[in-house]
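Heads up, run-v2.pdb below (PDB, C-alpha atoms):
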```
ATOM      1  CA  MET A   1      14.044  -1.571   6.474  1.00  0.00           C
ATOM      2  CA  ILE A   2      11.487   0.247   8.597  1.00  0.00           C
ATOM      3  CA  VAL A   3       8.074   0.651   6.971  1.00  0.00           C
ATOM      4  CA  GLU A   4       5.861   3.599   7.893  1.00  0.00           C
ATOM      5  CA  PHE A   5       2.332   4.264   6.671  1.00  0.00           C
ATOM      6  CA  LEU A   6       1.213   7.817   6.049  1.00  0.00           C
ATOM      7  CA  ASP A   7      -1.850   8.504   8.200  1.00  0.00           C
ATOM      8  CA  GLU A   8      -4.042   8.554   5.077  1.00  0.00           C
ATOM      9  CA  ALA A   9      -2.705   5.165   3.974  1.00  0.00           C
ATOM     10  CA  ARG A  10      -3.402   3.659   7.389  1.00  0.00           C
ATOM     11  CA  GLN A  11      -6.966   5.009   7.229  1.00  0.00           C
ATOM     12  CA  GLU A  12      -7.426   3.536   3.737  1.00  0.00           C
ATOM     13  CA  LEU A  13      -6.273   0.154   5.034  1.00  0.00           C
ATOM     14  CA  ILE A  14      -8.784   0.281   7.878  1.00  0.00           C
ATOM     15  CA  GLU A  15     -11.646   1.367   5.622  1.00  0.00           C
ATOM     16  CA  ALA A  16     -10.939  -1.252   2.956  1.00  0.00           C
ATOM     17  CA  THR A  17     -10.605  -3.985   5.582  1.00  0.00           C
ATOM     18  CA  LEU A  18     -13.967  -3.041   7.082  1.00  0.00           C
ATOM     19  CA  TRP A  19     -15.580  -2.865   3.644  1.00  0.00           C
ATOM     20  CA  TYR A  20     -14.372  -6.370   2.711  1.00  0.00           C
ATOM     21  CA  GLU A  21     -15.359  -7.767   6.097  1.00  0.00           C
ATOM     22  CA  ASP A  22     -18.846  -6.325   5.638  1.00  0.00           C
ATOM     23  CA  LYS A  23     -19.115  -8.027   2.230  1.00  0.00           C
ATOM     24  CA  GLU A  24     -18.189 -11.450   3.610  1.00  0.00           C
ATOM     25  CA  PRO A  25     -17.024 -12.486   7.074  1.00  0.00           C
ATOM     26  CA  GLY A  26     -13.310 -13.321   6.961  1.00  0.00           C
ATOM     27  CA  LEU A  27     -12.672 -11.469   3.703  1.00  0.00           C
ATOM     28  CA  GLY A  28     -11.385  -8.400   5.525  1.00  0.00           C
ATOM     29  CA  LYS A  29      -8.941 -10.607   7.414  1.00  0.00           C
ATOM     30  CA  ARG A  30      -7.713 -12.098   4.124  1.00  0.00           C
ATOM     31  CA  PHE A  31      -7.325  -8.607   2.652  1.00  0.00           C
ATOM     32  CA  ARG A  32      -5.302  -7.441   5.647  1.00  0.00           C
ATOM     33  CA  ALA A  33      -3.124 -10.574   5.460  1.00  0.00           C
ATOM     34  CA  GLU A  34      -2.404  -9.875   1.797  1.00  0.00           C
ATOM     35  CA  ILE A  35      -1.434  -6.282   2.569  1.00  0.00           C
ATOM     36  CA  ALA A  36       0.864  -7.559   5.343  1.00  0.00           C
ATOM     37  CA  PHE A  37       2.443 -10.004   2.874  1.00  0.00           C
ATOM     38  CA  VAL A  38       3.104  -7.232   0.334  1.00  0.00           C
ATOM     39  CA  VAL A  39       4.491  -4.911   3.041  1.00  0.00           C
ATOM     40  CA  ASP A  40       6.855  -7.679   4.173  1.00  0.00           C
ATOM     41  CA  ARG A  41       8.049  -8.179   0.575  1.00  0.00           C
ATOM     42  CA  ILE A  42       8.620  -4.438   0.201  1.00  0.00           C
ATOM     43  CA  SER A  43      10.623  -4.287   3.435  1.00  0.00           C
ATOM     44  CA  GLU A  44      12.761  -7.277   2.400  1.00  0.00           C
ATOM     45  CA  GLU A  45      13.464  -6.162  -1.184  1.00  0.00           C
ATOM     46  CA  PRO A  46      12.381  -2.531  -1.720  1.00  0.00           C
ATOM     47  CA  PHE A  47      14.442  -2.134  -4.903  1.00  0.00           C
ATOM     48  CA  LEU A  48      12.656  -5.049  -6.593  1.00  0.00           C
ATOM     49  CA  TRP A  49      10.096  -2.570  -7.976  1.00  0.00           C
ATOM     50  CA  HIS A  50      11.343   0.025 -10.430  1.00  0.00           C
ATOM     51  CA  GLU A  51      11.169   3.714  -9.646  1.00  0.00           C
ATOM     52  CA  ARG A  52       8.444   5.552 -11.530  1.00  0.00           C
ATOM     53  CA  ASP A  53       8.116   9.177 -12.553  1.00  0.00           C
ATOM     54  CA  GLY A  54       7.600  11.055  -9.321  1.00  0.00           C
ATOM     55  CA  GLY A  55      10.184   8.999  -7.412  1.00  0.00           C
ATOM     56  CA  TYR A  56       7.851   6.321  -6.093  1.00  0.00           C
ATOM     57  CA  ARG A  57       7.673   2.571  -6.527  1.00  0.00           C
ATOM     58  CA  ARG A  58       4.481   0.521  -6.770  1.00  0.00           C
ATOM     59  CA  ALA A  59       3.833  -2.974  -5.431  1.00  0.00           C
ATOM     60  CA  ASN A  60       0.651  -4.660  -6.635  1.00  0.00           C
ATOM     61  CA  CYS A  61      -1.338  -7.022  -4.464  1.00  0.00           C
ATOM     62  CA  PRO A  62      -1.537 -10.492  -6.023  1.00  0.00           C
ATOM     63  CA  ILE A  63      -5.259 -11.129  -5.412  1.00  0.00           C
ATOM     64  CA  PHE A  64      -7.091  -7.994  -4.322  1.00  0.00           C
ATOM     65  CA  PRO A  65      -7.234  -5.043  -6.775  1.00  0.00           C
ATOM     66  CA  TYR A  66      -4.976  -2.813  -4.664  1.00  0.00           C
ATOM     67  CA  TYR A  67      -1.458  -1.496  -4.876  1.00  0.00           C
ATOM     68  CA  LEU A  68       0.939   0.111  -2.433  1.00  0.00           C
ATOM     69  CA  PRO A  69       2.860   3.117  -3.725  1.00  0.00           C
ATOM     70  CA  PHE A  70       5.943   3.753  -1.630  1.00  0.00           C
ATOM     71  CA  PHE A  71       9.020   5.939  -1.329  1.00  0.00           C
ATOM     72  CA  ILE A  72      12.445   4.924  -0.077  1.00  0.00           C
ATOM     73  CA  ARG A  73      13.905   7.526   2.258  1.00  0.00           C
ATOM     74  CA  GLY A  74      17.239   6.394   3.638  1.00  0.00           C
ATOM     75  CA  GLU A  75      16.519   3.387   5.843  1.00  0.00           C
ATOM     76  CA  LYS A  76      12.760   4.015   5.793  1.00  0.00           C
ATOM     77  CA  ILE A  77      10.035   2.994   3.423  1.00  0.00           C
ATOM     78  CA  ILE A  78       7.085   5.378   3.373  1.00  0.00           C
ATOM     79  CA  LEU A  79       3.793   3.856   2.194  1.00  0.00           C
ATOM     80  CA  ALA A  80       1.825   6.671   0.605  1.00  0.00           C
ATOM     81  CA  ALA A  81      -1.464   4.848   0.071  1.00  0.00           C
ATOM     82  CA  VAL A  82      -3.404   1.624   0.068  1.00  0.00           C
ATOM     83  CA  ALA A  83      -4.861   2.397  -3.327  1.00  0.00           C
ATOM     84  CA  HIS A  84      -7.575   0.627  -5.304  1.00  0.00           C
ATOM     85  CA  ALA A  85      -6.184  -0.107  -8.746  1.00  0.00           C
ATOM     86  CA  HIS A  86      -9.362   0.878 -10.607  1.00  0.00           C
ATOM     87  CA  ARG A  87     -10.486   4.000  -8.777  1.00  0.00           C
ATOM     88  CA  LYS A  88      -9.187   7.564  -8.968  1.00  0.00           C
ATOM     89  CA  PRO A  89      -5.739   6.868 -10.449  1.00  0.00           C
ATOM     90  CA  GLY A  90      -2.954   8.884  -8.868  1.00  0.00           C
ATOM     91  CA  TYR A  91      -5.205  10.591  -6.287  1.00  0.00           C
ATOM     92  CA  TRP A  92      -2.597  10.012  -3.571  1.00  0.00           C
ATOM     93  CA  GLN A  93       0.275  11.701  -5.457  1.00  0.00           C
ATOM     94  CA  SER A  94      -0.492  15.093  -3.931  1.00  0.00           C
ATOM     95  CA  ARG A  95       0.159  13.761  -0.423  1.00  0.00           C
ATOM     96  CA  PRO A  96       3.289  15.138   1.198  1.00  0.00           C
ATOM     97  CA  THR A  97       5.962  12.538   1.796  1.00  0.00           C
ATOM     98  CA  PRO A  98       9.037  13.076   3.934  1.00  0.00           C
TER      99      PRO A  98
END
```
Rewrite the structure of this file - the entire thing - as structure tokens.
Amino acid sequence: MIVEFLDEARQELIEATLWYEDKEPGLGKRFRAEIAFVVDRISEEPFLWHERDGGYRRANCPIFPYYLPFFIRGEKIILAAVAHAHRKPGYWQSRPTP
């Protein structure tokens, strides 16, 4: 399936990557690799995660405290956010998704 990031989600990915890289050289690269791994898993098996109230699914990152909420729209997967698991729960739910 085709995976698309909402603009806000792409910006969150960039900001978090830069933040981790600033904390320790190479850490941002590891964060980005983990996000890529989770995105690949979502694209391969999007129905592996159960649908939650609101019609989205949530894939947790295995190491970093982030999750990727996503919607399945036909043959597309829309990533709504690259969300920190311990900050502002549900802040992204007001974002419009196609």
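Residues matched by the PyMOL selection byres ((chain A and resi 64) around 10) in this structure: Arg30, Phe31, Glu34, Ile35, Asn60, Cys61, Pro62, Ile63, Pro65, Tyr66, Tyr67, His84 and Ala85 of chain A.
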Cut-off 12 Å around (8.1, 7.5, -9.2) with only C-alpha atoms: residues as a PDB file with C-alpha atoms, in the coordinates of the input:
```
ATOM      1  CA  TRP A  49      10.096  -2.570  -7.976  1.00  0.00           C
ATOM      2  CA  HIS A  50      11.343   0.025 -10.430  1.00  0.00           C
ATOM      3  CA  GLU A  51      11.169   3.714  -9.646  1.00  0.00           C
ATOM      4  CA  ARG A  52       8.444   5.552 -11.530  1.00  0.00           C
ATOM      5  CA  ASP A  53       8.116   9.177 -12.553  1.00  0.00           C
ATOM      6  CA  GLY A  54       7.600  11.055  -9.321  1.00  0.00           C
ATOM      7  CA  GLY A  55      10.184   8.999  -7.412  1.00  0.00           C
ATOM      8  CA  TYR A  56       7.851   6.321  -6.093  1.00  0.00           C
ATOM      9  CA  ARG A  57       7.673   2.571  -6.527  1.00  0.00           C
ATOM     10  CA  ARG A  58       4.481   0.521  -6.770  1.00  0.00           C
ATOM     11  CA  ALA A  59       3.833  -2.974  -5.431  1.00  0.00           C
ATOM     12  CA  PRO A  69       2.860   3.117  -3.725  1.00  0.00           C
ATOM     13  CA  PHE A  70       5.943   3.753  -1.630  1.00  0.00           C
ATOM     14  CA  PHE A  71       9.020   5.939  -1.329  1.00  0.00           C
ATOM     15  CA  ILE A  72      12.445   4.924  -0.077  1.00  0.00           C
ATOM     16  CA  ALA A  80       1.825   6.671   0.605  1.00  0.00           C
ATOM     17  CA  GLY A  90      -2.954   8.884  -8.868  1.00  0.00           C
ATOM     18  CA  GLN A  93       0.275  11.701  -5.457  1.00  0.00           C
TER      19      GLN A  93
END
```
As a PyMOL selection string, please: the residues near A:Arg95 (cut-off 10 Å, only C-alpha atoms, same-chain neighbours under 4 positions excluded). chain A and resi 6+8+80-81+91
Which residues are close to A:Lys76, i.e. within 6 Å by all atoms listed in the file, leaving aside same-chain residues fewer than 3 positions away? Reply as an NGL selection string. :A and (1-3 or 72-73)
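If you look at atom CA of A:Val39 and atom CA of A:Arg87, they are 21.1 Å away from each other.
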Care to translate the PyMOL selection byres ((chain A and resi 9-21) around 7) into actual residues of this file, as an MDAnalysis selection string? chainID A and resid 5:8 22:28 31:32 79:82
Once 8 Å is added on each side, what are the centre and the three edge lengths, in Å to one decimal, of the axis-aligned box enclosing the listed atoms of stretch 53-72 of chain A? Present them as JSON.
```
{"center_x": 2.6, "center_y": 0.0, "center_z": -6.3, "size_x": 35.7, "size_y": 38.2, "size_z": 28.5}
```
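Distance-wise, atom CA of A:Ile77 and atom CA of A:Ile42 end up 8.2 Å apart.
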Straight-line distance linking atom CA of A:Leu68 with atom CA of A:Val38, stated in Å to one decimal: 8.1 Å
